Amino acid sequence: MVEVITFGCRLNAAESAQIRRGAEAAGLEDTVVVNSCAVTAEAVRQARQTIRKIRRERPAAKIVVTGCAAQTEPATFSAMPEVDRVLGNLSKNAPATWMDVKRAFDLGIGAEEKVAIDDLASVRETALHLVDGFEGRARAFVQVQNGCDHRCTFCIIPYGRGASRSVPIGEVVAQARRLSDHGTREIVLTGVDLTAYGLDLPGPLRLGSLVRAILRHVPELPRLRLSSLDPVEVDPELMQALGEQRLMPHLHLSLQAGDDLILKRMKRRHLRADAIRFCEQARRRRPDLVLGADLIAGFPTETETQFRNTLSLVDECGLTFLHVFPFSPRAGTPAARMPQLKRALAKARAARLREEGERALRRHLASEIGRRRRVLVENVEGKSEHFTRVLLARPAAPGTLVDVTIAGHDGRRLLAA
């Protein structure tokens, strides 16, 4: 049996499905793969803690570590006696990698062959394969882009993923058609820097072109959804596509902060006014749009006034779903060399942001009462068009779309009548 434990983003979740298939096809048994995340020091700590727990509970299992943290901190994981192999972030999706791992385990190759890390600096090729990760038969994640060409001062991810590269549009459309033919009701397009899609491909192709192509050529697909977007990169065709009803009215934005000086020190490419303007324009195109965002609290040099500018952005942009991170310095990034706030202060500000997010979520939930929504069933609950969790009143088969009336909420999810 192969178990894959996933940390981090939806892209990692999508790739975990490919990892599991590759490892099982190679014939690995009693193996645990930890697909790690490097976005914060806390994510790395949690991965290490999980590895130690696995070893205590399954002393005979083989433990393989891969993902962004393995790519950026291979020595951290190779030094752990619990770890049998450390694999790079590029090769983890290749079936041949897992055949090599199986061969190494069978031959009893020792610690001198423990680490196999990719040279991402030399990777410029367009991704030649698609990774699809499934939540039952309901939803599939399709990776259409990988890597990032930007260098935000707080971010280690470009060092774990390499340069931006896109899957050709025809391959994505063909994969979407295959998934739809096999009963997938919702496809989520994922990438490290999704709105950079197409910049490395020949011709004037952007993410909007891809969205329109899928909607046009896979008419039987009921729902298409996008993962995190950088608002400054959203192209005009994608903005136009927001009016398409099969493109779900939920966007998650990489905003990070709401103060111009902090945004500049983060080396972001937008200002506060740009974020507000984007949200207004998007809602004019799709009035029922629900927005989420990534926000960082306690960035180096952040004052109370600057933090309040981020806090007030929740209302000014009309955000509903927040992913809040207390700033975590990552070795090798410019922000790690800036004057740091006390960790306790960063955590306290993150808590205040989360409280604001909870209030925003409750407002959204209350506004949904009495409305009819179409829910994609996952188990005893599902997701509405706006990616809001809905607890079903009656059982329904996973992967089906059911129309319900919203009767109430419990502070976290909607309750169907």
# chains A, B, ... in the order shown; residues from 1 in each chain; ligands from 1

$ select_by_dssp --residues "stretch 161-369 of chain A" --states "strand (DSSP E)" --output "VMD selection string"
chain A and resid 165 to 166 186 to 190 223 to 226 250 to 256 290 to 297 319 to 326

$ residues_around --residues "stretch 47-52 of chain A" --least-positions-apart "2" --cutoff "8 Å" --atoms "only C-alpha atoms" --output "ChimeraX atom specification"
/A:7,34,36-37,43-45,54-56,63,77,82-83

$ closest_residue --among "A:Asp259, A:Glu304, A:Glu15, A:Glu220" --to "A:Glu186" --atoms "only C-alpha atoms"
A:Glu220

$ residues_around --residues "A:Ala213" --least-positions-apart "6" --cutoff "9 Å" --atoms "only C-alpha atoms" --output "ChimeraX atom specification"
/A:169-170,173

$ atom_distance --atom1 "atom CA of A:Gly198" --atom2 "atom CA of A:Asp230"
14.4 Å

$ closest_residue --among "A:Pro204, A:Asn309, A:Arg185, A:Asp84" --to "A:Ala61" --atoms "only C-alpha atoms"
A:Asp84

$ closest_residue --among "A:Cys279, A:Val211, A:Val64, A:Leu189" --to "A:Pro231" --atoms "only C-alpha atoms"
A:Cys279

$ atom_distance --atom1 "atom CA of A:Glu381" --atom2 "atom CA of A:Gly292"
20.6 Å

$ residues_around --residues "A:Arg394" --least-positions-apart "2" --cutoff "12 Å" --atoms "only C-alpha atoms" --output "MDAnalysis selection string"
chainID A and resid 377 379:382 390:392 396:397 402:404 415:417

$ write_last_selection --atoms "N, CA and C atoms" --output "PDB file, in the first residue's frame"
ATOM      1  N   VAL A 377     -22.113  17.317  -4.846  1.00  0.00           N
ATOM      2  CA  VAL A 377     -22.089  16.446  -3.675  1.00  0.00           C
ATOM      3  C   VAL A 377     -20.733  15.761  -3.554  1.00  0.00           C
ATOM      4  N   ASN A 379     -19.891  14.146  -0.044  1.00  0.00           N
ATOM      5  CA  ASN A 379     -20.275  13.086   0.908  1.00  0.00           C
ATOM      6  C   ASN A 379     -21.574  13.527   1.562  1.00  0.00           C
ATOM      7  N   VAL A 380     -21.554  13.817   2.860  1.00  0.00           N
ATOM      8  CA  VAL A 380     -22.766  14.345   3.490  1.00  0.00           C
ATOM      9  C   VAL A 380     -22.926  15.834   3.233  1.00  0.00           C
ATOM     10  N   GLU A 381     -21.908  16.425   2.629  1.00  0.00           N
ATOM     11  CA  GLU A 381     -21.992  17.825   2.252  1.00  0.00           C
ATOM     12  C   GLU A 381     -21.405  17.993   0.861  1.00  0.00           C
ATOM     13  N   GLY A 382     -21.416  19.216   0.381  1.00  0.00           N
ATOM     14  CA  GLY A 382     -20.853  19.504  -0.931  1.00  0.00           C
ATOM     15  C   GLY A 382     -20.502  20.971  -1.016  1.00  0.00           C
ATOM     16  N   VAL A 390     -21.853  23.201   1.967  1.00  0.00           N
ATOM     17  CA  VAL A 390     -23.292  23.061   2.212  1.00  0.00           C
ATOM     18  C   VAL A 390     -23.549  21.684   2.806  1.00  0.00           C
ATOM     19  N   LEU A 391     -24.141  21.656   3.997  1.00  0.00           N
ATOM     20  CA  LEU A 391     -24.552  20.396   4.618  1.00  0.00           C
ATOM     21  C   LEU A 391     -25.904  20.004   4.055  1.00  0.00           C
ATOM     22  N   LEU A 392     -25.979  18.805   3.481  1.00  0.00           N
ATOM     23  CA  LEU A 392     -27.201  18.362   2.824  1.00  0.00           C
ATOM     24  C   LEU A 392     -28.206  17.819   3.835  1.00  0.00           C
ATOM     25  N   ALA A 396     -27.244  12.082  -1.041  1.00  0.00           N
ATOM     26  CA  ALA A 396     -27.192  12.062  -2.502  1.00  0.00           C
ATOM     27  C   ALA A 396     -25.863  11.447  -2.905  1.00  0.00           C
ATOM     28  N   ALA A 397     -25.817  10.888  -4.094  1.00  0.00           N
ATOM     29  CA  ALA A 397     -24.624  10.191  -4.548  1.00  0.00           C
ATOM     30  C   ALA A 397     -23.486  11.186  -4.792  1.00  0.00           C
ATOM     31  N   VAL A 402     -27.024  18.693  -7.151  1.00  0.00           N
ATOM     32  CA  VAL A 402     -28.389  18.765  -6.624  1.00  0.00           C
ATOM     33  C   VAL A 402     -28.741  20.217  -6.339  1.00  0.00           C
ATOM     34  N   ASP A 403     -29.984  20.564  -6.612  1.00  0.00           N
ATOM     35  CA  ASP A 403     -30.493  21.903  -6.316  1.00  0.00           C
ATOM     36  C   ASP A 403     -31.129  21.896  -4.934  1.00  0.00           C
ATOM     37  N   VAL A 404     -30.717  22.854  -4.107  1.00  0.00           N
ATOM     38  CA  VAL A 404     -31.222  22.921  -2.735  1.00  0.00           C
ATOM     39  C   VAL A 404     -31.599  24.356  -2.405  1.00  0.00           C
ATOM     40  N   LEU A 415     -26.676  25.332   5.533  1.00  0.00           N
ATOM     41  CA  LEU A 415     -27.516  24.184   5.849  1.00  0.00           C
ATOM     42  C   LEU A 415     -28.663  24.139   4.842  1.00  0.00           C
ATOM     43  N   ALA A 416     -28.755  23.050   4.097  1.00  0.00           N
ATOM     44  CA  ALA A 416     -29.798  22.911   3.085  1.00  0.00           C
ATOM     45  C   ALA A 416     -31.114  22.454   3.739  1.00  0.00           C
ATOM     46  N   ALA A 417     -32.214  22.928   3.176  1.00  0.00           N
ATOM     47  CA  ALA A 417     -33.545  22.523   3.683  1.00  0.00           C
ATOM     48  C   ALA A 417     -33.841  21.101   3.258  1.00  0.00           C
TER      49      ALA A 417
END

$ atom_distance --atom1 "atom CA of A:Pro395" --atom2 "atom CA of A:Ala407"
16.4 Å

$ closest_residue --among "A:Phe154, A:Phe387, A:Trp98, A:Tyr197" --to "A:Phe325" --atoms "only C-alpha atoms"
A:Phe154

$ residues_around --residues "A:Ala38" --least-positions-apart "4" --cutoff "10 Å" --atoms "only C-alpha atoms" --output "ChimeraX atom specification"
/A:7-8,42-45,47,67-73,155-157,159-160,330

$ closest_residue --among "A:Asp274, A:Asp260, A:Asp294, A:Asp288" --to "A:Leu242" --atoms "only C-alpha atoms"
A:Asp288

$ residues_around --residues "A:Arg412" --least-positions-apart "5" --cutoff "10 Å" --atoms "only C-alpha atoms" --output "list in words"
Glu358, Leu361, Arg362, Leu365, Thr388, Arg389 and Val390 of chain A

$ write_last_selection --atoms "C-alpha atoms" --output "PDB file, in the first residue's frame"
ATOM      1  CA  GLU A 358     -14.850  34.928  10.224  1.00  0.00           C
ATOM      2  CA  LEU A 361     -17.817  34.563   6.199  1.00  0.00           C
ATOM      3  CA  ARG A 362     -20.793  34.822   8.551  1.00  0.00           C
ATOM      4  CA  LEU A 365     -23.547  32.711   4.956  1.00  0.00           C
ATOM      5  CA  THR A 388     -19.270  27.479   0.040  1.00  0.00           C
ATOM      6  CA  ARG A 389     -19.689  24.285   2.044  1.00  0.00           C
ATOM      7  CA  VAL A 390     -23.292  23.061   2.212  1.00  0.00           C
TER       8      VAL A 390
END

$ select_by_dssp --residues "stretch 122-361 of chain A" --states "helix (DSSP H, G or I)" --output "PyMOL selection string"
chain A and resi 122+157-161+169-181+194-196+207-217+231-233+236-241+260-266+272-285+304-316+334-337+343-361

$ closest_residue --among "A:Leu199, A:Asp235, A:Arg246, A:Arg363" --to "A:Arg216" --atoms "only C-alpha atoms"
A:Arg246
